[in-house]
>>> print(open('coords19.csv').read())   # CSV, C-alpha atoms
chain,number,residue,atom,x,y,z
A,1,MET,CA,5.3,-38.6,-31.7
A,2,LYS,CA,6.9,-39.4,-35.1
A,3,TYR,CA,6.9,-36.6,-37.6
A,4,ASN,CA,6.9,-37.0,-41.4
A,5,PHE,CA,9.1,-34.3,-42.9
A,6,ASP,CA,8.9,-35.8,-46.4
A,7,GLY,CA,5.3,-34.8,-46.8
A,8,VAL,CA,4.9,-31.8,-49.0
A,9,VAL,CA,2.6,-29.1,-47.6
A,10,ASN,CA,1.1,-26.7,-50.2
A,11,ARG,CA,1.9,-23.2,-48.8
A,12,LYS,CA,0.4,-21.3,-51.8
A,13,GLY,CA,-2.5,-19.1,-50.8
A,14,THR,CA,-1.3,-18.9,-47.2
A,15,TYR,CA,0.4,-15.4,-47.4
A,16,SER,CA,3.8,-17.1,-47.6
A,17,LEU,CA,6.6,-14.7,-48.6
A,18,LYS,CA,8.4,-17.6,-50.3
A,19,TRP,CA,5.4,-19.1,-52.2
A,20,ASP,CA,3.0,-16.1,-52.6
A,21,GLY,CA,5.4,-13.2,-52.7
A,22,GLY,CA,6.6,-13.4,-56.3
A,23,ASN,CA,6.0,-9.7,-57.1
A,24,LEU,CA,7.7,-8.6,-53.9
A,25,ILE,CA,10.6,-11.0,-54.5
A,26,LYS,CA,11.0,-9.5,-58.0
A,27,GLU,CA,11.0,-6.0,-56.5
A,28,PHE,CA,13.7,-7.0,-54.1
A,29,GLY,CA,15.8,-7.9,-57.2
A,30,ILE,CA,16.3,-11.5,-56.2
A,31,THR,CA,14.9,-12.8,-59.5
A,32,LYS,CA,13.2,-11.7,-62.7
A,33,ARG,CA,11.3,-15.0,-63.0
A,34,TYR,CA,8.7,-16.2,-60.6
A,35,ASP,CA,5.8,-18.3,-61.8
A,36,GLU,CA,3.7,-21.4,-60.8
A,37,GLU,CA,6.6,-23.7,-61.3
A,38,THR,CA,9.2,-21.7,-59.3
A,39,LEU,CA,10.9,-23.5,-56.4
A,40,PRO,CA,11.8,-20.8,-53.8
A,41,LEU,CA,14.6,-21.9,-51.5
A,42,PHE,CA,16.0,-18.4,-50.8
A,43,THR,CA,14.8,-17.6,-47.3
A,44,ALA,CA,15.4,-19.1,-43.8
A,45,ASP,CA,11.8,-20.3,-43.5
A,46,MET,CA,11.0,-24.0,-43.3
A,47,ASP,CA,8.5,-25.8,-45.4
A,48,LEU,CA,8.0,-28.3,-42.6
A,49,PRO,CA,5.2,-28.8,-40.1
A,50,VAL,CA,5.7,-27.4,-36.6
A,51,PRO,CA,5.6,-29.5,-33.4
A,52,GLN,CA,2.2,-30.9,-32.4
A,53,PRO,CA,2.3,-29.2,-28.9
A,54,LEU,CA,2.7,-25.9,-30.6
A,55,ILE,CA,-0.4,-26.6,-32.8
A,56,ASP,CA,-2.3,-27.6,-29.7
A,57,ALA,CA,-1.3,-24.4,-27.9
A,58,LEU,CA,-2.3,-22.2,-30.8
A,59,HIS,CA,-5.7,-24.0,-31.1
A,60,LYS,CA,-6.3,-23.4,-27.4
A,61,THR,CA,-5.5,-19.7,-27.9
A,62,VAL,CA,-7.9,-19.5,-30.9
A,63,ASP,CA,-10.6,-21.3,-29.0
A,64,HIS,CA,-10.6,-18.5,-26.4
A,65,LYS,CA,-11.9,-16.2,-29.1
A,66,ILE,CA,-10.4,-13.0,-27.8
A,67,PHE,CA,-7.0,-11.7,-28.8
A,68,GLY,CA,-6.3,-8.6,-26.9
A,69,TYR,CA,-3.2,-6.9,-25.4
A,70,SER,CA,-1.2,-9.5,-23.6
A,71,VAL,CA,1.4,-9.6,-20.8
A,72,PHE,CA,4.3,-12.1,-20.4
A,73,PRO,CA,3.5,-14.5,-17.6
A,74,ASP,CA,6.0,-16.1,-15.3
A,75,GLU,CA,5.7,-19.3,-17.4
A,76,TYR,CA,7.1,-17.4,-20.4
A,77,TYR,CA,10.3,-16.5,-18.6
A,78,GLU,CA,10.5,-19.9,-16.9
A,79,ALA,CA,10.3,-21.7,-20.3
A,80,ILE,CA,13.3,-19.6,-21.6
A,81,GLN,CA,15.3,-20.3,-18.4
A,82,HIS,CA,14.5,-24.0,-18.6
A,83,TRP,CA,15.5,-24.3,-22.2
A,84,PHE,CA,18.9,-22.6,-21.9
A,85,SER,CA,19.9,-24.1,-18.6
A,86,LYS,CA,19.0,-27.7,-19.7
A,87,ARG,CA,20.6,-27.5,-23.2
A,88,TYR,CA,23.5,-25.1,-22.7
A,89,ASP,CA,24.1,-25.0,-18.9
A,90,TRP,CA,23.4,-21.2,-19.2
A,91,TYR,CA,21.5,-19.8,-16.3
A,92,ILE,CA,19.5,-16.6,-17.2
A,93,LYS,CA,17.7,-14.4,-14.7
A,94,LYS,CA,14.2,-13.3,-15.4
A,95,GLU,CA,15.1,-9.6,-15.4
A,96,GLU,CA,17.8,-10.2,-18.0
A,97,ILE,CA,15.2,-11.2,-20.6
A,98,ILE,CA,13.8,-8.5,-22.9
A,99,TYR,CA,11.2,-9.4,-25.6
A,100,SER,CA,11.6,-8.0,-29.1
A,101,PRO,CA,9.4,-8.6,-32.1
A,102,GLY,CA,12.3,-9.8,-34.2
A,103,THR,CA,16.1,-10.2,-34.3
A,104,VAL,CA,16.7,-7.6,-37.0
A,105,HIS,CA,14.6,-5.2,-35.1
A,106,ALA,CA,16.6,-5.9,-32.0
A,107,LEU,CA,19.9,-5.4,-33.9
A,108,ASN,CA,18.7,-1.9,-35.1
A,109,ILE,CA,17.7,-1.0,-31.5
A,110,ALA,CA,21.1,-2.1,-30.2
A,111,VAL,CA,22.9,0.0,-32.8
A,112,ARG,CA,20.9,3.1,-31.9
A,113,ALA,CA,21.1,2.5,-28.2
A,114,PHE,CA,24.8,1.8,-27.8
A,115,THR,CA,26.5,3.7,-30.6
A,116,ASP,CA,26.4,7.2,-32.2
A,117,PRO,CA,26.4,8.2,-35.8
A,118,GLY,CA,29.8,7.8,-37.3
A,119,ASP,CA,30.9,5.0,-34.9
A,120,GLY,CA,32.4,1.9,-36.4
A,121,ILE,CA,30.8,-1.6,-36.0
A,122,ILE,CA,32.7,-4.8,-36.9
A,123,ILE,CA,31.0,-7.5,-38.9
A,124,GLN,CA,32.5,-10.6,-40.4
A,125,ARG,CA,31.6,-11.0,-44.1
A,126,PRO,CA,30.3,-12.9,-45.9
A,127,VAL,CA,27.4,-12.3,-43.5
A,128,TYR,CA,23.6,-11.9,-43.2
A,129,PRO,CA,22.8,-8.7,-45.2
A,130,PRO,CA,20.6,-7.0,-42.5
A,131,PHE,CA,23.8,-6.6,-40.4
A,132,THR,CA,25.1,-4.2,-43.0
A,133,ALA,CA,21.7,-2.5,-43.3
A,134,ALA,CA,21.4,-2.0,-39.5
A,135,ILE,CA,24.8,-0.2,-39.5
A,136,GLU,CA,24.5,1.9,-42.7
A,137,ASN,CA,20.8,2.8,-42.3
A,138,ASN,CA,21.6,4.2,-38.8
A,139,ARG,CA,24.6,6.2,-40.2
A,140,ARG,CA,27.3,4.1,-38.6
A,141,GLN,CA,30.3,2.7,-40.4
A,142,VAL,CA,30.9,-0.9,-41.4
A,143,ILE,CA,34.2,-2.3,-40.4
A,144,ASN,CA,34.7,-5.6,-42.1
A,145,ASN,CA,36.8,-8.4,-40.4
A,146,ALA,CA,36.3,-10.8,-43.3
A,147,LEU,CA,36.4,-14.5,-42.5
A,148,THR,CA,39.2,-16.4,-44.1
A,149,CYS,CA,38.3,-19.3,-46.3
A,150,ASP,CA,40.8,-22.2,-47.0
A,151,GLU,CA,40.8,-24.5,-50.1
A,152,ASP,CA,38.3,-26.9,-48.5
A,153,GLY,CA,35.8,-24.1,-48.0
A,154,TYR,CA,36.3,-23.9,-44.2
A,155,TYR,CA,36.1,-20.4,-42.7
A,156,THR,CA,38.2,-19.1,-39.8
A,157,ILE,CA,38.6,-15.7,-38.0
A,158,ASP,CA,41.5,-13.5,-38.8
A,159,PHE,CA,42.2,-12.5,-35.2
A,160,GLU,CA,45.1,-10.2,-36.1
A,161,ASP,CA,42.9,-8.1,-38.3
A,162,PHE,CA,40.0,-8.3,-35.7
A,163,GLU,CA,42.2,-7.0,-32.9
A,164,ALA,CA,43.6,-4.2,-35.0
A,165,LYS,CA,40.1,-3.1,-35.9
A,166,ALA,CA,38.9,-3.4,-32.3
A,167,LYS,CA,41.7,-1.1,-31.2
A,168,ASP,CA,40.6,1.7,-33.5
A,169,GLU,CA,39.0,4.3,-31.2
A,170,LYS,CA,36.1,4.7,-33.6
A,171,THR,CA,35.1,1.0,-33.1
A,172,LYS,CA,32.3,0.7,-30.6
A,173,MET,CA,30.5,-2.5,-31.4
A,174,PHE,CA,31.0,-6.0,-32.9
A,175,ILE,CA,28.0,-7.9,-34.2
A,176,LEU,CA,28.7,-11.7,-33.9
A,177,CYS,CA,26.8,-14.2,-36.0
A,178,ASN,CA,27.1,-17.7,-34.4
A,179,PRO,CA,26.3,-20.1,-35.8
A,180,HIS,CA,27.5,-18.0,-38.8
A,181,ASN,CA,25.1,-17.3,-41.6
A,182,PRO,CA,25.9,-18.2,-44.4
A,183,THR,CA,29.2,-20.1,-43.9
A,184,GLY,CA,27.7,-22.4,-41.2
A,185,ARG,CA,30.7,-22.1,-38.8
A,186,VAL,CA,29.9,-22.8,-35.2
A,187,PHE,CA,32.7,-21.0,-33.3
A,188,ASN,CA,34.4,-23.0,-30.6
A,189,MET,CA,35.2,-22.1,-27.0
A,190,GLU,CA,38.7,-20.8,-27.8
A,191,GLU,CA,37.5,-18.6,-30.6
A,192,LEU,CA,34.6,-17.2,-28.5
A,193,GLN,CA,36.9,-16.5,-25.5
A,194,LYS,CA,39.4,-14.8,-27.7
A,195,LEU,CA,36.8,-12.6,-29.4
A,196,SER,CA,35.3,-11.7,-26.0
A,197,GLU,CA,38.7,-10.8,-24.5
A,198,ILE,CA,39.7,-8.6,-27.4
A,199,CYS,CA,36.4,-6.7,-27.2
A,200,GLU,CA,36.5,-6.4,-23.4
A,201,ARG,CA,40.1,-4.9,-23.6
A,202,ASN,CA,39.1,-2.4,-26.1
A,203,ASN,CA,35.7,-1.4,-24.8
A,204,VAL,CA,33.9,-2.9,-27.8
A,205,LEU,CA,30.3,-4.1,-27.1
A,206,ILE,CA,29.4,-7.5,-28.5
A,207,ILE,CA,25.9,-8.0,-30.0
A,208,ALA,CA,25.6,-11.8,-30.5
A,209,ASP,CA,23.0,-13.1,-33.0
A,210,GLU,CA,22.7,-16.7,-31.8
A,211,ILE,CA,19.3,-17.5,-33.3
A,212,HIS,CA,20.5,-20.6,-35.2
A,213,GLY,CA,22.2,-22.0,-32.0
A,214,ASP,CA,19.7,-24.9,-31.7
A,215,LEU,CA,20.3,-25.9,-35.3
A,216,VAL,CA,23.7,-27.6,-35.2
A,217,ARG,CA,24.9,-30.9,-36.6
A,218,ARG,CA,24.9,-34.2,-34.6
A,219,ASN,CA,28.7,-34.0,-33.9
A,220,GLN,CA,28.7,-30.3,-33.0
A,221,THR,CA,28.3,-28.3,-29.8
A,222,PHE,CA,27.0,-24.8,-29.7
A,223,ILE,CA,28.2,-22.5,-26.9
A,224,PRO,CA,26.6,-19.2,-26.2
A,225,ILE,CA,29.3,-16.5,-26.0
A,226,ALA,CA,27.9,-15.2,-22.7
A,227,LYS,CA,28.5,-18.7,-21.3
A,228,ALA,CA,32.0,-19.1,-22.8
A,229,THR,CA,33.4,-16.0,-21.2
A,230,GLY,CA,34.1,-15.2,-17.6
A,231,ASN,CA,32.7,-11.7,-18.0
A,232,ASP,CA,29.4,-11.2,-19.9
A,233,SER,CA,28.9,-7.5,-18.9
A,234,HIS,CA,29.9,-6.4,-22.4
A,235,ILE,CA,27.6,-8.9,-24.2
A,236,VAL,CA,24.1,-8.6,-25.5
A,237,THR,CA,22.6,-11.9,-26.9
A,238,CYS,CA,19.7,-12.4,-29.3
A,239,THR,CA,17.9,-15.7,-28.9
A,240,ALA,CA,14.7,-16.7,-30.7
A,241,ILE,CA,12.3,-19.6,-31.4
A,242,ASN,CA,11.7,-18.3,-34.9
A,243,LYS,CA,14.4,-20.4,-36.8
A,244,THR,CA,14.4,-23.4,-34.4
A,245,PHE,CA,10.7,-24.1,-34.5
A,246,ASN,CA,9.7,-22.5,-37.8
A,247,VAL,CA,7.6,-19.6,-36.4
A,248,ALA,CA,9.1,-16.6,-38.0
A,249,GLY,CA,5.6,-15.2,-38.6
A,250,LEU,CA,5.0,-15.0,-34.8
A,251,HIS,CA,7.9,-12.6,-34.3
A,252,CYS,CA,9.5,-13.8,-31.1
A,253,THR,CA,13.1,-12.8,-30.2
A,254,ASN,CA,14.4,-12.6,-26.6
A,255,VAL,CA,17.4,-10.4,-25.9
A,256,ILE,CA,19.5,-11.3,-22.9
A,257,ILE,CA,21.4,-8.4,-21.2
A,258,VAL,CA,23.1,-9.1,-18.0
A,259,ASN,CA,24.5,-5.6,-17.5
A,260,PRO,CA,21.8,-3.4,-15.9
A,261,GLU,CA,23.0,-0.2,-17.4
A,262,LEU,CA,23.0,-1.7,-20.9
A,263,ARG,CA,19.6,-3.2,-20.3
A,264,LYS,CA,18.2,0.2,-19.2
A,265,LYS,CA,19.6,1.9,-22.4
A,266,PHE,CA,18.2,-0.9,-24.6
A,267,ASN,CA,14.8,-0.8,-23.0
A,268,GLU,CA,14.6,3.0,-23.3
A,269,THR,CA,15.4,2.8,-27.0
A,270,LEU,CA,13.1,-0.2,-27.6
A,271,GLY,CA,10.1,1.2,-25.9
A,272,MET,CA,7.2,-0.9,-24.6
A,273,GLN,CA,6.7,-4.1,-26.6
A,274,LEU,CA,3.8,-6.5,-26.1
A,275,GLY,CA,3.7,-9.9,-27.6
A,276,SER,CA,0.6,-11.4,-29.1
A,277,PRO,CA,-1.2,-14.2,-27.2
A,278,PHE,CA,-0.1,-16.5,-30.0
A,279,THR,CA,3.6,-15.6,-29.6
A,280,ILE,CA,3.4,-16.2,-25.8
A,281,ALA,CA,1.6,-19.5,-26.1
A,282,ALA,CA,4.0,-20.6,-28.9
A,283,LEU,CA,7.2,-20.0,-26.9
A,284,ILE,CA,5.9,-21.7,-23.8
A,285,SER,CA,4.8,-24.8,-25.7
A,286,VAL,CA,8.0,-25.3,-27.8
A,287,TYR,CA,10.5,-24.6,-25.0
A,288,ASN,CA,8.6,-27.0,-22.7
A,289,GLU,CA,7.5,-29.7,-25.2
A,290,GLY,CA,9.4,-29.2,-28.5
A,291,GLU,CA,12.6,-31.0,-27.8
A,292,ASP,CA,11.5,-34.3,-29.4
A,293,TRP,CA,10.4,-32.6,-32.6
A,294,LEU,CA,13.7,-30.7,-32.7
A,295,ASP,CA,15.8,-33.8,-32.4
A,296,GLN,CA,13.9,-35.4,-35.3
A,297,LEU,CA,14.2,-32.2,-37.4
A,298,LYS,CA,17.9,-32.0,-36.9
A,299,GLU,CA,18.3,-35.6,-38.0
A,300,TYR,CA,16.2,-34.9,-41.1
A,301,ILE,CA,18.2,-31.8,-42.0
A,302,ASP,CA,21.5,-33.7,-41.5
A,303,GLY,CA,20.2,-36.4,-43.9
A,304,THR,CA,19.2,-33.8,-46.5
A,305,MET,CA,22.6,-32.1,-46.3
A,306,GLU,CA,24.3,-35.5,-46.7
A,307,TRP,CA,22.2,-36.1,-49.8
A,308,VAL,CA,23.1,-32.7,-51.2
A,309,VAL,CA,26.8,-33.3,-50.8
A,310,SER,CA,26.5,-36.7,-52.4
A,311,PHE,CA,24.4,-35.5,-55.3
A,312,LEU,CA,26.8,-32.6,-56.1
A,313,ALA,CA,29.8,-34.9,-55.9
A,314,GLU,CA,28.2,-37.1,-58.6
A,315,ARG,CA,26.3,-34.6,-60.8
A,316,MET,CA,28.1,-31.3,-60.2
A,317,PRO,CA,31.6,-32.1,-58.9
A,318,HIS,CA,32.8,-28.6,-59.8
A,319,VAL,CA,30.6,-27.0,-57.1
A,320,LYS,CA,32.6,-26.8,-53.8
A,321,VAL,CA,30.3,-27.3,-50.8
A,322,ARG,CA,30.7,-28.7,-47.3
A,323,ILE,CA,28.2,-29.7,-44.6
A,324,PRO,CA,28.0,-26.7,-42.3
A,325,GLU,CA,28.6,-27.1,-38.6
A,326,GLY,CA,25.4,-25.2,-37.9
A,327,THR,CA,22.3,-23.5,-39.5
A,328,TYR,CA,20.2,-25.0,-42.2
A,329,VAL,CA,21.8,-23.1,-45.1
A,330,MET,CA,24.4,-24.4,-47.5
A,331,TRP,CA,27.0,-22.2,-49.1
A,332,MET,CA,27.9,-23.3,-52.6
A,333,ASP,CA,31.0,-22.1,-54.5
A,334,PHE,CA,30.5,-22.1,-58.3
A,335,SER,CA,33.8,-20.4,-59.1
A,336,ALA,CA,35.3,-23.5,-60.8
A,337,TYR,CA,32.8,-23.2,-63.7
A,338,GLY,CA,34.5,-20.0,-64.8
A,339,LEU,CA,31.2,-18.3,-65.3
A,340,SER,CA,30.3,-14.8,-64.2
A,341,PRO,CA,28.0,-14.4,-61.2
A,342,GLU,CA,25.4,-13.2,-63.6
A,343,GLU,CA,25.7,-16.3,-65.8
A,344,VAL,CA,25.4,-18.6,-62.8
A,345,HIS,CA,22.4,-16.7,-61.6
A,346,ASP,CA,20.7,-17.0,-65.0
A,347,ARG,CA,21.2,-20.7,-65.2
A,348,ILE,CA,19.7,-21.3,-61.7
A,349,TYR,CA,17.1,-18.6,-61.3
A,350,ASN,CA,15.8,-18.2,-64.9
A,351,LYS,CA,16.4,-21.5,-66.6
A,352,ALA,CA,16.2,-24.0,-63.7
A,353,ASN,CA,13.5,-21.8,-62.1
A,354,VAL,CA,14.9,-22.3,-58.6
A,355,ILE,CA,15.3,-19.2,-56.4
A,356,LEU,CA,18.4,-19.1,-54.1
A,357,GLU,CA,20.3,-16.1,-52.8
A,358,ASP,CA,23.2,-14.7,-54.7
A,359,GLY,CA,26.4,-14.7,-52.6
A,360,ASN,CA,27.2,-11.0,-53.3
A,361,MET,CA,24.3,-10.1,-51.1
A,362,PHE,CA,26.5,-11.2,-48.2
A,363,GLY,CA,29.4,-9.1,-49.3
A,364,GLU,CA,32.0,-9.2,-52.1
A,365,GLU,CA,33.5,-12.2,-50.4
A,366,GLY,CA,30.5,-14.2,-51.6
A,367,LEU,CA,30.6,-13.1,-55.2
A,368,LYS,CA,31.0,-16.6,-56.7
A,369,TYR,CA,28.7,-18.3,-54.2
A,370,GLN,CA,25.0,-19.2,-53.9
A,371,ARG,CA,23.2,-19.7,-50.6
A,372,ILE,CA,20.4,-22.3,-50.4
A,373,CYS,CA,18.0,-22.9,-47.4
A,374,ILE,CA,17.4,-26.6,-47.3
A,375,PRO,CA,14.7,-27.2,-44.5
A,376,SER,CA,12.1,-28.3,-47.1
A,377,PRO,CA,10.7,-31.7,-47.7
A,378,ARG,CA,13.4,-33.8,-49.4
A,379,PRO,CA,11.4,-34.3,-52.6
A,380,ILE,CA,11.4,-30.5,-53.2
A,381,ILE,CA,15.2,-30.3,-52.5
A,382,LYS,CA,15.8,-33.2,-54.9
A,383,GLU,CA,13.7,-31.6,-57.6
A,384,ALA,CA,15.5,-28.3,-57.2
A,385,PHE,CA,19.0,-29.9,-57.5
A,386,GLU,CA,17.9,-32.0,-60.5
A,387,ARG,CA,16.8,-28.8,-62.3
A,388,ILE,CA,20.0,-27.0,-61.4
A,389,ALA,CA,22.3,-29.9,-62.5
A,390,ARG,CA,20.6,-30.1,-65.9
A,391,GLU,CA,21.6,-26.5,-66.5
A,392,PHE,CA,25.3,-27.1,-65.8
A,393,GLU,CA,25.9,-30.6,-67.3
A,394,ASP,CA,27.0,-29.1,-70.6
A,395,MET,CA,29.8,-27.1,-68.9
A,396,HIS,CA,33.5,-27.9,-69.6
A,397,VAL,CA,35.7,-26.8,-66.8
A,398,ASN,CA,39.4,-26.2,-66.8
A,399,ALA,CA,41.1,-29.3,-65.4
A,400,SER,CA,43.2,-27.4,-62.8
A,401,LYS,CA,40.1,-25.8,-61.5
A,402,ILE,CA,38.3,-29.1,-61.2
A,403,LYS,CA,41.2,-30.6,-59.3
A,404,LYS,CA,41.2,-27.6,-56.9
A,405,ALA,CA,37.4,-27.7,-56.4
A,406,ALA,CA,37.5,-31.5,-55.7
A,407,LYS,CA,39.9,-31.2,-52.7
>>> encode(input="coords19.csv", output="structure tokens")
Amino acid sequence: MKYNFDGVVNRKGTYSLKWDGGNLIKEFGITKRYDEETLPLFTADMDLPVPQPLIDALHKTVDHKIFGYSVFPDEYYEAIQHWFSKRYDWYIKKEEIIYSPGTVHALNIAVRAFTDPGDGIIIQRPVYPPFTAAIENNRRQVINNALTCDEDGYYTIDFEDFEAKAKDEKTKMFILCNPHNPTGRVFNMEELQKLSEICERNNVLIIADEIHGDLVRRNQTFIPIAKATGNDSHIVTCTAINKTFNVAGLHCTNVIIVNPELRKKFNETLGMQLGSPFTIAALISVYNEGEDWLDQLKEYIDGTMEWVVSFLAERMPHVKVRIPEGTYVMWMDFSAYGLSPEEVHDRIYNKANVILEDGNMFGEEGLKYQRICIPSPRPIIKEAFERIAREFEDMHVNASKIKKAAK
């Protein structure tokens, strides 16, 4: 069926964190202003309708009228196996699949299961803030292998620095984010193999967050790191339907662990986890019947990103941005305006009344950046950027900075 992603669905009054969580968002320190006119585009949560087969599956579950403890049937595991074998030529055994009620939860479990207090864990900033929290809140040490950004806003891995840090005897783990959030990089085969080889040589375990793997651009190919390497015994992979199919509220992550010893440790730390009947029905439906919807969604997101780049080039040419290789977030560099991060924040969040995410949340490397999540109906995205543009149109920027930003 043909989906209309331009239609605006009113999410207010539906317990939405984005649209109903104003007080909580203020408590988080994301913004001081949140009112009826606020446009919240700060979290990786789509404002777009889910696939019809998913809706049908959930209706069927509701119609049963009983929502007790549930087990994972063979169809659940077969749906996962089918999805990854068909799309990524990655063959997963049933026993390698472990359910978790969320990816952040799984990351915390992995940190506790496979490392000890004081151990070092590599991350690549600017990166998703819960990576840092999972390390520091469990009394481990953050080891930052910061990504390198060129003048065009393209990020690459500093492998010399990565290897030096992997060789440190206190380094026990590397948390990979691929596709990378917020930079949008989709790491290629050569990069993934090199990361894996360095970690294997130095007995560093890889925890791969690949939950945006289905959301890549038309001209990009996503490769699971466990598929890219010849040896996956030192790799733990987090997959999920949450981002791909807009079901974050159903809490469905699947952790793939080939190594039986690692799997045993993870399970012991995780404890027994039961999914809800809604979660089980959702995964089976989307992995078996959601591909057509996903193809349409990706085309829509690609079109929105192309519109954003075109709009900024015309109305805010001093903002440096590029279409990411993957994810549905865009990473915008405001440094050419010469404003402090606080001034940029004030113009966007308080005056334009659009809620994004300040780049410093992703590490000091993101100090002059803003992250926007764009999987909303295009009319909402257009309104948000119109508001933002009006707050920056009076700015006079140093000519040399303009020239550099326009490259």
>>> residues_near_point(input="coords19.csv", point="(28.6, -5.1, -41.2)", cutoff="12 Å", atoms="all atoms listed in the file", output="ChimeraX atom specification")
/A:107,111,120-138,140-146,173-177,207,361-363
>>> atom_distance(input="coords19.csv", atom1="atom CA of Lys172 of chain A", atom2="atom CA of Glu191 of chain A")
20.0 Å
>>> closest_atom_pairs(input="coords19.csv", of="segment 317-376 of chain A", to="segment 19-38 of chain A", cutoff="8 Å", atoms="all atoms listed in the file", output="tab-separated table")
residue	atom	partner	partner_atom	distance
A:Tyr349	CA	A:Thr31	CA	6.5
A:Asn350	CA	A:Arg33	CA	5.8
A:Asn353	CA	A:Thr38	CA	5.1
A:Val354	CA	A:Thr38	CA	5.8
A:Ile355	CA	A:Thr31	CA	7.1
A:Glu357	CA	A:Ile30	CA	7.0
A:Asp358	CA	A:Ile30	CA	7.8
>>> residues_around(input="coords19.csv", residues="Tyr76 of chain A", least_positions_apart="3", cutoff="12 Å", atoms="all atoms listed in the file", output="ChimeraX atom specification")
/A:70-73,79-83,94,97-99,252,254,275,277,279-288
>>> atom_distance(input="coords19.csv", atom1="atom CA of Asp89 of chain A", atom2="atom CA of Thr221 of chain A")
12.1 Å
>>> residues_around(input="coords19.csv", residues="Ala226 of chain A", least_positions_apart="5", cutoff="9 Å", atoms="only C-alpha atoms", output="number ranges by chain")
A: 90, 196, 208, 231-233, 235-237
>>> atom_distance(input="coords19.csv", atom1="atom CA of Gly326 of chain A", atom2="atom CA of Tyr300 of chain A")
13.7 Å
>>> residues_around(input="coords19.csv", residues="Ile198 of chain A", least_positions_apart="3", cutoff="10 Å", atoms="all atoms listed in the file", output="PyMOL selection string")
chain A and resi 159+162-164+166-167+193-195+201-204
>>> closest_residue(input="coords19.csv", among="A:Glu78, A:Glu96, A:Asp333, A:Glu325", to="Cys238 of chain A", atoms="only C-alpha atoms")
A:Glu96
>>> closest_residue(input="coords19.csv", among="A:Tyr88, A:Glu160, A:Thr103, A:Ile301", to="Gly213 of chain A", atoms="all atoms listed in the file")
A:Tyr88
>>> residues_near_point(input="coords19.csv", point="(17.9, -30.5, -56.1)", cutoff="10 Å", atoms="all atoms listed in the file", output="number ranges by chain")
A: 39, 307-308, 311-312, 354, 374, 378-389
>>> residues_around(input="coords19.csv", residues="Leu297 of chain A", least_positions_apart="5", cutoff="12 Å", atoms="all atoms listed in the file", output="ChimeraX atom specification")
/A:2-6,46-51,214-218,243-246,290-292,302-304,328,374-377
>>> write_last_selection(input="coords19.csv", atoms="C-alpha atoms", output="PDB file, in the coordinates of the input")
ATOM      1  CA  LYS A   2       6.900 -39.400 -35.100  1.00  0.00           C
ATOM      2  CA  TYR A   3       6.900 -36.600 -37.600  1.00  0.00           C
ATOM      3  CA  ASN A   4       6.900 -37.000 -41.400  1.00  0.00           C
ATOM      4  CA  PHE A   5       9.100 -34.300 -42.900  1.00  0.00           C
ATOM      5  CA  ASP A   6       8.900 -35.800 -46.400  1.00  0.00           C
ATOM      6  CA  MET A  46      11.000 -24.000 -43.300  1.00  0.00           C
ATOM      7  CA  ASP A  47       8.500 -25.800 -45.400  1.00  0.00           C
ATOM      8  CA  LEU A  48       8.000 -28.300 -42.600  1.00  0.00           C
ATOM      9  CA  PRO A  49       5.200 -28.800 -40.100  1.00  0.00           C
ATOM     10  CA  VAL A  50       5.700 -27.400 -36.600  1.00  0.00           C
ATOM     11  CA  PRO A  51       5.600 -29.500 -33.400  1.00  0.00           C
ATOM     12  CA  ASP A 214      19.700 -24.900 -31.700  1.00  0.00           C
ATOM     13  CA  LEU A 215      20.300 -25.900 -35.300  1.00  0.00           C
ATOM     14  CA  VAL A 216      23.700 -27.600 -35.200  1.00  0.00           C
ATOM     15  CA  ARG A 217      24.900 -30.900 -36.600  1.00  0.00           C
ATOM     16  CA  ARG A 218      24.900 -34.200 -34.600  1.00  0.00           C
ATOM     17  CA  LYS A 243      14.400 -20.400 -36.800  1.00  0.00           C
ATOM     18  CA  THR A 244      14.400 -23.400 -34.400  1.00  0.00           C
ATOM     19  CA  PHE A 245      10.700 -24.100 -34.500  1.00  0.00           C
ATOM     20  CA  ASN A 246       9.700 -22.500 -37.800  1.00  0.00           C
ATOM     21  CA  GLY A 290       9.400 -29.200 -28.500  1.00  0.00           C
ATOM     22  CA  GLU A 291      12.600 -31.000 -27.800  1.00  0.00           C
ATOM     23  CA  ASP A 292      11.500 -34.300 -29.400  1.00  0.00           C
ATOM     24  CA  ASP A 302      21.500 -33.700 -41.500  1.00  0.00           C
ATOM     25  CA  GLY A 303      20.200 -36.400 -43.900  1.00  0.00           C
ATOM     26  CA  THR A 304      19.200 -33.800 -46.500  1.00  0.00           C
ATOM     27  CA  TYR A 328      20.200 -25.000 -42.200  1.00  0.00           C
ATOM     28  CA  ILE A 374      17.400 -26.600 -47.300  1.00  0.00           C
ATOM     29  CA  PRO A 375      14.700 -27.200 -44.500  1.00  0.00           C
ATOM     30  CA  SER A 376      12.100 -28.300 -47.100  1.00  0.00           C
ATOM     31  CA  PRO A 377      10.700 -31.700 -47.700  1.00  0.00           C
TER      32      PRO A 377
END
>>> closest_residue(input="coords19.csv", among="A:Glu306, A:Asp295, A:Asp152, A:Glu210", to="Ile256 of chain A", atoms="all atoms listed in the file")
A:Glu210
>>> closest_residue(input="coords19.csv", among="A:Met395, A:Ala352, A:Val255, A:Val309", to="Met330 of chain A", atoms="only C-alpha atoms")
A:Val309
>>> closest_residue(input="coords19.csv", among="A:Gly271, A:Gly7, A:Gly118, A:Pro182", to="Ser100 of chain A", atoms="only C-alpha atoms")
A:Gly271
